[in-house]
$ cat target_24.pdb   # PDB, C-alpha atoms and all ligand atoms
ATOM      1  CA  MET A1240     -19.254   6.542   4.116  1.00  0.00           C
ATOM      2  CA  ILE A1241     -16.883   3.571   3.873  1.00  0.00           C
ATOM      3  CA  ASN A1242     -15.793   2.326   7.306  1.00  0.00           C
ATOM      4  CA  ILE A1243     -12.332   0.842   7.633  1.00  0.00           C
ATOM      5  CA  ALA A1244     -10.678  -0.974  10.523  1.00  0.00           C
ATOM      6  CA  ILE A1245      -6.921  -0.927  11.019  1.00  0.00           C
ATOM      7  CA  ILE A1246      -5.217  -3.909  12.640  1.00  0.00           C
ATOM      8  CA  ALA A1247      -1.645  -3.640  13.891  1.00  0.00           C
ATOM      9  CA  SER A1248       0.853  -5.430  16.117  1.00  0.00           C
ATOM     10  CA  GLY A1249       3.527  -2.856  16.872  1.00  0.00           C
ATOM     11  CA  SER A1250       4.484   0.776  16.792  1.00  0.00           C
ATOM     12  CA  GLY A1251       1.557   1.886  14.662  1.00  0.00           C
ATOM     13  CA  SER A1252       3.257   4.599  12.615  1.00  0.00           C
ATOM     14  CA  ASN A1253       1.406   3.482   9.475  1.00  0.00           C
ATOM     15  CA  ALA A1254      -1.854   3.379  11.411  1.00  0.00           C
ATOM     16  CA  GLU A1255      -1.276   6.963  12.556  1.00  0.00           C
ATOM     17  CA  ASN A1256      -0.428   8.058   9.017  1.00  0.00           C
ATOM     18  CA  ILE A1257      -3.635   6.498   7.673  1.00  0.00           C
ATOM     19  CA  ILE A1258      -5.707   8.081  10.449  1.00  0.00           C
ATOM     20  CA  LYS A1259      -4.258  11.519   9.644  1.00  0.00           C
ATOM     21  CA  TYR A1260      -4.865  11.049   5.922  1.00  0.00           C
ATOM     22  CA  PHE A1261      -8.577  10.294   6.382  1.00  0.00           C
ATOM     23  CA  GLN A1262      -9.201  12.704   9.264  1.00  0.00           C
ATOM     24  CA  ASN A1263     -11.159  15.156   7.121  1.00  0.00           C
ATOM     25  CA  SER A1264     -12.431  12.709   4.517  1.00  0.00           C
ATOM     26  CA  SER A1265     -16.147  12.722   3.727  1.00  0.00           C
ATOM     27  CA  GLN A1266     -15.873   9.275   2.090  1.00  0.00           C
ATOM     28  CA  VAL A1267     -13.616   7.097   4.262  1.00  0.00           C
ATOM     29  CA  ASN A1268     -13.771   6.779   8.030  1.00  0.00           C
ATOM     30  CA  VAL A1269     -11.260   4.947  10.253  1.00  0.00           C
ATOM     31  CA  LYS A1270     -13.938   3.458  12.463  1.00  0.00           C
ATOM     32  CA  ALA A1271     -11.883   1.120  14.665  1.00  0.00           C
ATOM     33  CA  VAL A1272      -8.286   0.173  15.442  1.00  0.00           C
ATOM     34  CA  TYR A1273      -7.304  -3.222  16.840  1.00  0.00           C
ATOM     35  CA  CYS A1274      -4.013  -4.641  18.114  1.00  0.00           C
ATOM     36  CA  ASN A1275      -3.025  -8.141  19.229  1.00  0.00           C
ATOM     37  CA  ASN A1276      -0.058  -7.087  21.392  1.00  0.00           C
ATOM     38  CA  PRO A1277      -0.954  -5.405  24.697  1.00  0.00           C
ATOM     39  CA  LYS A1278       2.580  -3.979  24.996  1.00  0.00           C
ATOM     40  CA  ALA A1279       2.611  -2.340  21.550  1.00  0.00           C
ATOM     41  CA  PHE A1280       3.324   1.377  21.297  1.00  0.00           C
ATOM     42  CA  ILE A1281       0.225   1.938  19.159  1.00  0.00           C
ATOM     43  CA  PHE A1282      -1.897   2.094  22.331  1.00  0.00           C
ATOM     44  CA  GLN A1283      -0.029   5.257  23.465  1.00  0.00           C
ATOM     45  CA  ARG A1284       0.460   6.629  19.968  1.00  0.00           C
ATOM     46  CA  LEU A1285      -3.247   6.946  19.258  1.00  0.00           C
ATOM     47  CA  VAL A1286      -4.295   8.489  22.593  1.00  0.00           C
ATOM     48  CA  LYS A1287      -3.958  11.992  21.162  1.00  0.00           C
ATOM     49  CA  TYR A1288      -6.485  11.136  18.444  1.00  0.00           C
ATOM     50  CA  GLY A1289      -9.023  10.043  21.040  1.00  0.00           C
ATOM     51  CA  ILE A1290      -8.959   6.565  19.523  1.00  0.00           C
ATOM     52  CA  GLU A1291      -9.214   3.647  21.884  1.00  0.00           C
ATOM     53  CA  VAL A1292      -7.240   0.742  20.420  1.00  0.00           C
ATOM     54  CA  GLN A1293      -9.051  -2.537  21.069  1.00  0.00           C
ATOM     55  CA  LEU A1294      -7.093  -5.605  22.094  1.00  0.00           C
ATOM     56  CA  ILE A1295      -7.495  -8.772  20.011  1.00  0.00           C
ATOM     57  CA  THR A1296      -6.984 -12.077  21.818  1.00  0.00           C
ATOM     58  CA  LYS A1297      -5.949 -15.345  20.147  1.00  0.00           C
ATOM     59  CA  GLU A1298      -9.216 -16.883  21.316  1.00  0.00           C
ATOM     60  CA  GLY A1299     -11.364 -14.077  19.915  1.00  0.00           C
ATOM     61  CA  PHE A1300      -9.432 -14.091  16.645  1.00  0.00           C
ATOM     62  CA  TYR A1301      -9.066 -17.816  15.929  1.00  0.00           C
ATOM     63  CA  GLU A1302     -11.430 -19.774  18.144  1.00  0.00           C
ATOM     64  CA  ASN A1303     -14.659 -17.834  18.409  1.00  0.00           C
ATOM     65  CA  SER A1304     -16.447 -14.998  16.621  1.00  0.00           C
ATOM     66  CA  THR A1305     -15.590 -12.165  19.036  1.00  0.00           C
ATOM     67  CA  PHE A1306     -13.458 -10.290  16.523  1.00  0.00           C
ATOM     68  CA  ILE A1307     -15.783 -10.739  13.539  1.00  0.00           C
ATOM     69  CA  ASP A1308     -18.730  -9.726  15.730  1.00  0.00           C
ATOM     70  CA  SER A1309     -16.898  -6.548  16.705  1.00  0.00           C
ATOM     71  CA  LEU A1310     -16.240  -5.726  13.041  1.00  0.00           C
ATOM     72  CA  GLY A1311     -19.932  -6.241  12.332  1.00  0.00           C
ATOM     73  CA  GLN A1312     -20.994  -4.009  15.217  1.00  0.00           C
ATOM     74  CA  ASN A1313     -18.697  -1.292  13.852  1.00  0.00           C
ATOM     75  CA  LYS A1314     -20.130  -1.808  10.336  1.00  0.00           C
ATOM     76  CA  ILE A1315     -16.612  -2.301   8.940  1.00  0.00           C
ATOM     77  CA  ASP A1316     -16.369  -2.497   5.147  1.00  0.00           C
ATOM     78  CA  PHE A1317     -12.591  -2.981   4.707  1.00  0.00           C
ATOM     79  CA  ILE A1318      -9.769  -4.215   6.958  1.00  0.00           C
ATOM     80  CA  ILE A1319      -6.298  -2.701   6.711  1.00  0.00           C
ATOM     81  CA  LEU A1320      -3.323  -4.644   8.050  1.00  0.00           C
ATOM     82  CA  ALA A1321      -0.693  -2.110   9.079  1.00  0.00           C
ATOM     83  CA  GLY A1322       2.153  -4.153  10.531  1.00  0.00           C
ATOM     84  CA  PHE A1323      -0.075  -7.023  11.697  1.00  0.00           C
ATOM     85  CA  LEU A1324       1.790 -10.271  12.276  1.00  0.00           C
ATOM     86  CA  TRP A1325      -0.818 -12.984  12.796  1.00  0.00           C
ATOM     87  CA  LEU A1326      -2.047 -15.154   9.937  1.00  0.00           C
ATOM     88  CA  ILE A1327      -5.592 -14.212   8.903  1.00  0.00           C
ATOM     89  CA  PRO A1328      -7.992 -17.119   9.539  1.00  0.00           C
ATOM     90  CA  THR A1329     -10.193 -18.467   6.727  1.00  0.00           C
ATOM     91  CA  GLN A1330     -13.444 -17.400   8.373  1.00  0.00           C
ATOM     92  CA  LEU A1331     -12.257 -13.777   8.384  1.00  0.00           C
ATOM     93  CA  ILE A1332     -11.195 -13.966   4.724  1.00  0.00           C
ATOM     94  CA  ASN A1333     -14.600 -15.415   3.867  1.00  0.00           C
ATOM     95  CA  ALA A1334     -16.337 -12.651   5.801  1.00  0.00           C
ATOM     96  CA  TYR A1335     -14.304  -9.968   3.960  1.00  0.00           C
ATOM     97  CA  PRO A1336     -13.515 -11.374   0.490  1.00  0.00           C
ATOM     98  CA  ASN A1337     -11.053  -9.080  -1.361  1.00  0.00           C
ATOM     99  CA  LYS A1338     -11.587  -6.533   1.374  1.00  0.00           C
ATOM    100  CA  ILE A1339      -8.484  -7.116   3.475  1.00  0.00           C
ATOM    101  CA  ILE A1340      -5.431  -5.114   2.423  1.00  0.00           C
ATOM    102  CA  ASN A1341      -1.881  -5.665   3.703  1.00  0.00           C
ATOM    103  CA  ILE A1342       1.354  -3.746   3.352  1.00  0.00           C
ATOM    104  CA  HIS A1343       4.625  -5.648   3.170  1.00  0.00           C
ATOM    105  CA  PRO A1344       8.019  -3.921   3.497  1.00  0.00           C
ATOM    106  CA  ALA A1345       9.676  -5.565   0.462  1.00  0.00           C
ATOM    107  CA  LEU A1346       9.097  -6.312  -3.192  1.00  0.00           C
ATOM    108  CA  LEU A1347       7.026  -9.502  -3.051  1.00  0.00           C
ATOM    109  CA  PRO A1348       7.292 -12.325  -3.987  1.00  0.00           C
ATOM    110  CA  LYS A1349      10.818 -11.798  -2.653  1.00  0.00           C
ATOM    111  CA  TYR A1350      11.252 -11.633   1.129  1.00  0.00           C
ATOM    112  CA  GLY A1351       7.742 -12.769   2.037  1.00  0.00           C
ATOM    113  CA  GLY A1352       6.292 -15.579   4.115  1.00  0.00           C
ATOM    114  CA  LYS A1353       6.151 -16.560   7.766  1.00  0.00           C
ATOM    115  CA  GLY A1354       8.721 -14.804   9.945  1.00  0.00           C
ATOM    116  CA  MET A1355       9.381 -12.163   7.287  1.00  0.00           C
ATOM    117  CA  TYR A1356       8.275  -8.957   8.943  1.00  0.00           C
ATOM    118  CA  GLY A1357       9.721  -5.599   9.917  1.00  0.00           C
ATOM    119  CA  ASN A1358      13.480  -5.583  10.436  1.00  0.00           C
ATOM    120  CA  HIS A1359      13.798  -9.309   9.611  1.00  0.00           C
ATOM    121  CA  VAL A1360      12.931  -8.366   6.045  1.00  0.00           C
ATOM    122  CA  HIS A1361      15.397  -5.480   5.920  1.00  0.00           C
ATOM    123  CA  ALA A1362      18.176  -7.644   7.431  1.00  0.00           C
ATOM    124  CA  ALA A1363      17.672 -10.272   4.712  1.00  0.00           C
ATOM    125  CA  VAL A1364      17.690  -7.601   2.008  1.00  0.00           C
ATOM    126  CA  LEU A1365      20.900  -6.130   3.449  1.00  0.00           C
ATOM    127  CA  ASN A1366      22.589  -9.560   3.749  1.00  0.00           C
ATOM    128  CA  ASN A1367      21.818 -10.351   0.128  1.00  0.00           C
ATOM    129  CA  ARG A1368      23.329  -7.032  -1.015  1.00  0.00           C
ATOM    130  CA  GLU A1369      20.205  -6.138  -2.942  1.00  0.00           C
ATOM    131  CA  LEU A1370      20.415  -2.963  -5.001  1.00  0.00           C
ATOM    132  CA  GLU A1371      16.768  -2.131  -4.454  1.00  0.00           C
ATOM    133  CA  THR A1372      13.876  -2.846  -2.132  1.00  0.00           C
ATOM    134  CA  GLY A1373      10.459  -1.323  -1.635  1.00  0.00           C
ATOM    135  CA  ILE A1374       6.866  -1.927  -0.594  1.00  0.00           C
ATOM    136  CA  THR A1375       4.047  -4.170  -1.735  1.00  0.00           C
ATOM    137  CA  ILE A1376       0.379  -3.490  -1.069  1.00  0.00           C
ATOM    138  CA  HIS A1377      -1.729  -6.577  -1.669  1.00  0.00           C
ATOM    139  CA  LEU A1378      -5.013  -8.310  -0.976  1.00  0.00           C
ATOM    140  CA  VAL A1379      -4.872 -10.937   1.762  1.00  0.00           C
ATOM    141  CA  ASN A1380      -5.550 -14.631   1.345  1.00  0.00           C
ATOM    142  CA  GLU A1381      -4.933 -17.651   3.617  1.00  0.00           C
ATOM    143  CA  ASN A1382      -1.157 -17.657   3.039  1.00  0.00           C
ATOM    144  CA  TYR A1383       1.294 -15.067   4.281  1.00  0.00           C
ATOM    145  CA  ASP A1384       2.057 -12.427   1.628  1.00  0.00           C
ATOM    146  CA  GLU A1385       0.541 -14.302  -1.326  1.00  0.00           C
ATOM    147  CA  GLY A1386      -2.630 -12.394  -2.212  1.00  0.00           C
ATOM    148  CA  GLU A1387      -3.079 -10.361  -5.381  1.00  0.00           C
ATOM    149  CA  ILE A1388      -0.602  -7.494  -5.658  1.00  0.00           C
ATOM    150  CA  LEU A1389      -2.265  -4.082  -6.010  1.00  0.00           C
ATOM    151  CA  PHE A1390       0.739  -1.775  -5.956  1.00  0.00           C
ATOM    152  CA  GLN A1391       4.521  -1.750  -5.565  1.00  0.00           C
ATOM    153  CA  ALA A1392       7.032   1.069  -5.194  1.00  0.00           C
ATOM    154  CA  LYS A1393      10.824   0.768  -5.182  1.00  0.00           C
ATOM    155  CA  CYS A1394      13.752   2.538  -3.620  1.00  0.00           C
ATOM    156  CA  SER A1395      17.430   2.014  -4.310  1.00  0.00           C
ATOM    157  CA  ILE A1396      20.002   0.775  -1.812  1.00  0.00           C
ATOM    158  CA  ILE A1397      23.597   1.960  -1.771  1.00  0.00           C
ATOM    159  CA  PRO A1398      26.413  -0.097  -0.187  1.00  0.00           C
ATOM    160  CA  GLU A1399      26.705   2.364   2.719  1.00  0.00           C
ATOM    161  CA  ASP A1400      23.058   1.916   3.737  1.00  0.00           C
ATOM    162  CA  SER A1401      22.575   0.439   7.214  1.00  0.00           C
ATOM    163  CA  LEU A1402      19.579  -1.650   8.219  1.00  0.00           C
ATOM    164  CA  GLU A1403      18.120   1.462   9.847  1.00  0.00           C
ATOM    165  CA  LYS A1404      18.581   3.466   6.676  1.00  0.00           C
ATOM    166  CA  ILE A1405      16.839   0.807   4.579  1.00  0.00           C
ATOM    167  CA  ALA A1406      13.990   0.676   7.098  1.00  0.00           C
ATOM    168  CA  GLU A1407      13.673   4.462   6.911  1.00  0.00           C
ATOM    169  CA  LYS A1408      13.545   4.468   3.106  1.00  0.00           C
ATOM    170  CA  VAL A1409      10.870   1.757   3.128  1.00  0.00           C
ATOM    171  CA  HIS A1410       8.820   3.478   5.821  1.00  0.00           C
ATOM    172  CA  ASN A1411       8.892   6.689   3.811  1.00  0.00           C
ATOM    173  CA  LEU A1412       7.484   4.827   0.800  1.00  0.00           C
ATOM    174  CA  GLU A1413       4.779   3.357   3.036  1.00  0.00           C
ATOM    175  CA  TYR A1414       3.776   6.772   4.362  1.00  0.00           C
ATOM    176  CA  GLU A1415       3.719   8.228   0.857  1.00  0.00           C
ATOM    177  CA  HIS A1416       1.623   5.547  -0.830  1.00  0.00           C
ATOM    178  CA  PHE A1417      -0.381   3.354   1.560  1.00  0.00           C
ATOM    179  CA  PRO A1418      -3.216   5.781   2.451  1.00  0.00           C
ATOM    180  CA  ARG A1419      -3.653   6.818  -1.170  1.00  0.00           C
ATOM    181  CA  ILE A1420      -3.833   3.208  -2.387  1.00  0.00           C
ATOM    182  CA  ILE A1421      -6.286   2.302   0.394  1.00  0.00           C
ATOM    183  CA  GLU A1422      -8.468   5.207  -0.729  1.00  0.00           C
ATOM    184  CA  GLN A1423      -8.372   4.056  -4.358  1.00  0.00           C
ATOM    185  CA  VAL A1424      -9.213   0.463  -3.461  1.00  0.00           C
ATOM    186  CA  VAL A1425     -12.100   1.216  -1.108  1.00  0.00           C
ATOM    187  CA  LEU A1426     -13.546   3.810  -3.480  1.00  0.00           C
ATOM    188  CA  LYS A1427     -12.978   1.348  -6.356  1.00  0.00           C
ATOM    189  CA  THR A1428     -10.968   3.760  -8.479  1.00  0.00           C
ATOM    190  CA  ILE A1429      -8.270   1.143  -9.172  1.00  0.00           C
TER
HETATM  191  C1  LIG B1501       5.750  -1.767   8.402  1.00  0.00           C
HETATM  192  O1  LIG B1501       6.993  -1.526   7.805  1.00  0.00           O
HETATM  193  C2  LIG B1501       5.001  -2.844   7.620  1.00  0.00           C
HETATM  194  O2  LIG B1501       5.310  -2.844   6.262  1.00  0.00           O
HETATM  195  C3  LIG B1501       5.532  -4.092   8.280  1.00  0.00           C
HETATM  196  O3  LIG B1501       5.590  -3.784   9.649  1.00  0.00           O
HETATM  197  C4  LIG B1501       5.931  -2.392   9.789  1.00  0.00           C
HETATM  198  C5  LIG B1501       5.009  -1.790  10.829  1.00  0.00           C
HETATM  199  O4  LIG B1501       5.454  -0.520  11.196  1.00  0.00           O
HETATM  200  N1  LIG B1501       4.689  -5.225   8.007  1.00  0.00           N
HETATM  201  C6  LIG B1501       5.160  -6.456   7.883  1.00  0.00           C
HETATM  202  O5  LIG B1501       6.331  -6.725   8.010  1.00  0.00           O
HETATM  203  C7  LIG B1501       4.107  -7.529   7.571  1.00  0.00           C
HETATM  204  N2  LIG B1501       4.734  -8.746   7.169  1.00  0.00           N
HETATM  205  P1  LIG B1501       4.497   0.468  11.998  1.00  0.00           P
HETATM  206  O6  LIG B1501       3.912  -0.334  13.173  1.00  0.00           O
HETATM  207  O7  LIG B1501       5.357   1.590  12.458  1.00  0.00           O
HETATM  208  O8  LIG B1501       3.421   0.899  11.055  1.00  0.00           O
END
$ encode --input "target_24.pdb" --output "C-alpha cells"
Amino acid sequence: MINIAIIASGSGSNAENIIKYFQNSSQVNVKAVYCNNPKAFIFQRLVKYGIEVQLITKEGFYENSTFIDSLGQNKIDFIILAGFLWLIPTQLINAYPNKIINIHPALLPKYGGKGMYGNHVHAAVLNNRELETGITIHLVNENYDEGEILFQAKCSIIPEDSLEKIAEKVHNLEYEHFPRIIEQVVLKTI
C-alpha cells in the first residue's frame, strides 16, 4: 500500500475529491491530511469521512522537524499539495525527492509564482482576456510553481465568462484529472 498525505490551506474540495477517489483503493491510502490555516473549511469538510485534519504550525514546518517527524510516523510515501499556499522548505524536498505533487490552477509557466493562487490567478487570466486557461500538475521544488510538469489540461474562455465561471471550469478540470494523475505517479505508470 502506498500512503499519501494531503496538505491544504483552504476549502479542501480537491482534498475531498482525492479522498473519495481512493476510498476503496487497495493500492493507495490517504493516510493523513494536514492544514496550515486553523480557520480553513477543510476541517469541517472532512468530519464526515472520520478524518482528523492535523494543524501545521510555521514553527513545526520551517523551524523544527515536527512536520517531517509526523510524516515519518504515518509512513507517508508521497505528499499531495491540494491548494497549499506555503513555500515548501528544502529539508522537506530533500526528505521527499520527486515525491511532492502540486496542482496549480493555470497553464504554467504562465500565471505562476508567489501570490499566484486561487482567485488571484483567475483574476489575472480574466484581466488579460486569455482565450484559454487550465490546470498544471507538477513536481515540487524550492521555487513556487517551477518543478517538472507532469500533466496539463485546458479549457476555453468566452468573453462572457466571469471570474466565478472561470474558477468553476478550472475546478472541474482539477476534479476530473488530479486523482487519476496522482494514482499514475505513485504507482509509477507515467
Ligand atoms: C485549487 O484550485 C488549486 O489549484 C489552487 O487552490 C485551489 C484550492 O481549492 N492552488 C493554488 O492556487 C496553488 N498555487 P480547494 O481548497 O477547494 O481544493
$ closest_atom_pairs --input "target_24.pdb" --of "segment 1298-1351 of chain A" --to "segment 1261-1274 of chain A" --cutoff "8 Å" --atoms "only C-alpha atoms" --output "CSV"
residue,atom,partner,partner_atom,distance
A:Asn1313,CA,A:Lys1270,CA,6.9
A:Ile1315,CA,A:Lys1270,CA,7.3
A:Phe1323,CA,A:Cys1274,CA,7.9
$ closest_residue --input "target_24.pdb" --among "A:Gly1249, A:Gly1354, A:Pro1328, A:Pro1348" --to "Glu1387 of chain A" --atoms "all atoms listed in the file"
A:Pro1348
$ resolve_selection --input "target_24.pdb" --expression "the PyMOL selection byres (((not hetatm)) within 10 of (chain B and resi 1501))" --output "PyMOL selection string"
chain A and resi 1246-1257+1279-1281+1320-1326+1341-1345+1350-1361+1373-1376+1383-1384+1406-1407+1409-1414+1417
$ atom_distance --input "target_24.pdb" --atom1 "atom CA of Ile1420 of chain A" --atom2 "atom CA of Pro1336 of chain A"
17.7 Å
$ resolve_selection --input "target_24.pdb" --expression "the PyMOL selection byres (((chain A and resi 1314) around 10) and not hetatm)" --output "list in words"
Ile1241, Asn1242, Ile1243, Ala1244, Lys1270, Ala1271, Asp1308, Ser1309, Leu1310, Gly1311, Gln1312, Asn1313, Ile1315, Asp1316 and Phe1317 of chain A
